[in-house]
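Input: a single structure, listed below in structure tokens.
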Amino acid sequence: MNKFIFDVDGTITPSRQLIDPGFKSFMMEFAIRNQVFLVTGSDKPKTIEQIGEDMFNACHTVYNCSGCDVWQSKKNIRKIEWEPEQDVIDFLEKELAKSKFYKKTGLHIEIRTGMLNFSIVGRRCSTEERFMYAEWDDHKQERQGIAKRFNKKFPDLKANVAGETGIDIAPKNLNKAQILVDFNKEDVLYFFGDKITENGNDYPLAQAITNGNSYSVEGWKETYSKLQLMKVMGIAK
């Protein structure tokens, strides 16, 4: 059976922004005709804020916190807890102090279910500040550097670049690939993500899918285009 798995930020919504209304209508209908799964580093409240509770509940399963907090409509299927040690926090605070980005807005370390999100600009940044950091990071490759240094220092953990401004950190086995325990070998999986490159938080799942295909996209419009083509080809209904 064909099943469709989507990252959220940068894949079906602009990063940390609301889903486009027209695309949401398409996705709501798509979820009725096909089995749709979401897998995101964000928690449930942030996901609902972006896509709405109606779309959240229309999906077969939503894997929040990279699969550590699993929901089917209003039912919590499972939750995996993890708390970072103090040396992890100390490392990230030093990286924050070292960063030469001009603006730091607060809430730089956010502990979620089974994972931690780190952001130099901070989770309280405005949309404009988010865009400015994303542009700056694209030039400086700051997050890639932090992730590499982190992974060298903490071999039992894994840091992956996530979204436009963040880094997701979790034990190595608690990445997006963990969701595959809920799928059968016969399932044909089509995964869409914007961070499929190495050290991106979509990479582990893309690498682990052996029956199906993974698509690296640069925003919801590309996802929309690919899904329309898949409907024409008969891959999706």
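Following the order of the structure tokens, chains are lettered A, B, ..., residues in each are numbered from 1, and ligands are numbered from 1.
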| query | Can you tell me, as a ChimeraX atom specification, what residues are no more than 6 Å from stretch 39-53 of chain A when counting only C-alpha atoms, ignoring any on the same chain fewer than 2 positions away? | reply | /A:7-8,17-19,55-56,63-66
| task | List the neighbours of A:Met230 out to 12 Å using only C-alpha atoms; skip same-chain residues closer than 3 positions along the sequence, and give me the result as a ChimeraX atom specification. | result | /A:2,4,30,34,190,223-227,233-237
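Neighbouring residues of A:Asp87 at 12 Å or closer, counting only C-alpha atoms and skipping chain neighbours under 6 positions away, are Glu93, Lys94, Phe150, Lys153 and Phe154 of chain A.
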Write the selection just made, keeping C-alpha atoms, as a PDB file, in the first residue's frame?
```pdb
ATOM      1  CA  GLU A  93      25.579  27.941  25.893  1.00  0.00           C
ATOM      2  CA  LYS A  94      29.241  28.341  24.901  1.00  0.00           C
ATOM      3  CA  PHE A 150      28.655  18.629  18.865  1.00  0.00           C
ATOM      4  CA  LYS A 153      32.131  15.750  21.440  1.00  0.00           C
ATOM      5  CA  PHE A 154      28.995  13.677  22.179  1.00  0.00           C
TER       6      PHE A 154
END
```
| said: Could you pull out the strand (DSSP E or B) residues of stretch 25-75 of chain A, going by DSSP on the backbone, and write them as a PyMOL selection string? | reply: chain A and resi 35-39+61-64+69-72+75
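Nearest to A:His60 of all the residues A:Val88, A:Ile167, A:Ala31, A:Leu157 is A:Ala31, based on only C-alpha atoms.
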| Exercise: A:Arg123 partners within 8 Å, only C-alpha atoms, chain neighbours under 3 positions left out, as a list of chain:residue names | A:Thr105, A:Gly106, A:Leu107, A:His108, A:Ser119
Using N, CA and C atoms, can you export the residues from the last selection as a short mmCIF file (atom, residue, chain, number, x, y, z; two decimals), in the first residue's frame?
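Contents of the output file selection16.cif:
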```cif
data_model
loop_
_atom_site.label_atom_id
_atom_site.label_comp_id
_atom_site.auth_asym_id
_atom_site.auth_seq_id
_atom_site.Cartn_x
_atom_site.Cartn_y
_atom_site.Cartn_z
N THR A 105 17.35 36.45 20.66
CA THR A 105 16.03 36.87 21.15
C THR A 105 15.53 36.11 22.38
N GLY A 106 16.26 35.06 22.80
CA GLY A 106 15.81 34.28 23.95
C GLY A 106 15.22 32.95 23.54
N LEU A 107 15.06 32.07 24.53
CA LEU A 107 14.58 30.69 24.34
C LEU A 107 15.43 29.99 23.28
N HIS A 108 16.73 29.92 23.56
CA HIS A 108 17.68 29.33 22.63
C HIS A 108 17.76 27.81 22.80
N SER A 119 18.71 26.98 19.07
CA SER A 119 18.63 28.04 18.07
C SER A 119 19.47 29.23 18.50
#
```
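The helix (DSSP H, G or I) portion of stretch 32-68 of chain A consists of Ile32, Arg33, Lys44, Pro45, Lys46, Thr47, Ile48, Glu49, Gln50, Ile51, Glu53, Asp54, Met55, Phe56, Asn57, Ala58, Cys65, Ser66 and Gly67 of chain A, with states taken from DSSP on the backbone.
Considering the residues A:Ser214, A:Asn184, A:Thr13, A:Asn201 and counting only C-alpha atoms, A:Gly166 has its shortest atom-to-atom contact with A:Asn201.
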| message | Could you check the closest approach to A:Val62 for each of A:Phe101, A:Phe191, A:Phe6, A:Phe23 and tell me which residue wins, using only C-alpha atoms? | response |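 Among the listed residues, the smallest separation from A:Val62 belongs to A:Phe6.
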| query | With distances taken over only C-alpha atoms, which of A:Ile179, A:Phe192, A:Arg130, A:Asn76 is nearest to A:Glu222? | reply |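 Of all the options, A:Phe192 lies closest to A:Glu222.
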| Of the listed residues A:Ala208, A:Ala97, A:Ala162, A:Ile111, that which approaches A:Val181 most closely, counting only C-alpha atoms | A:Ala208
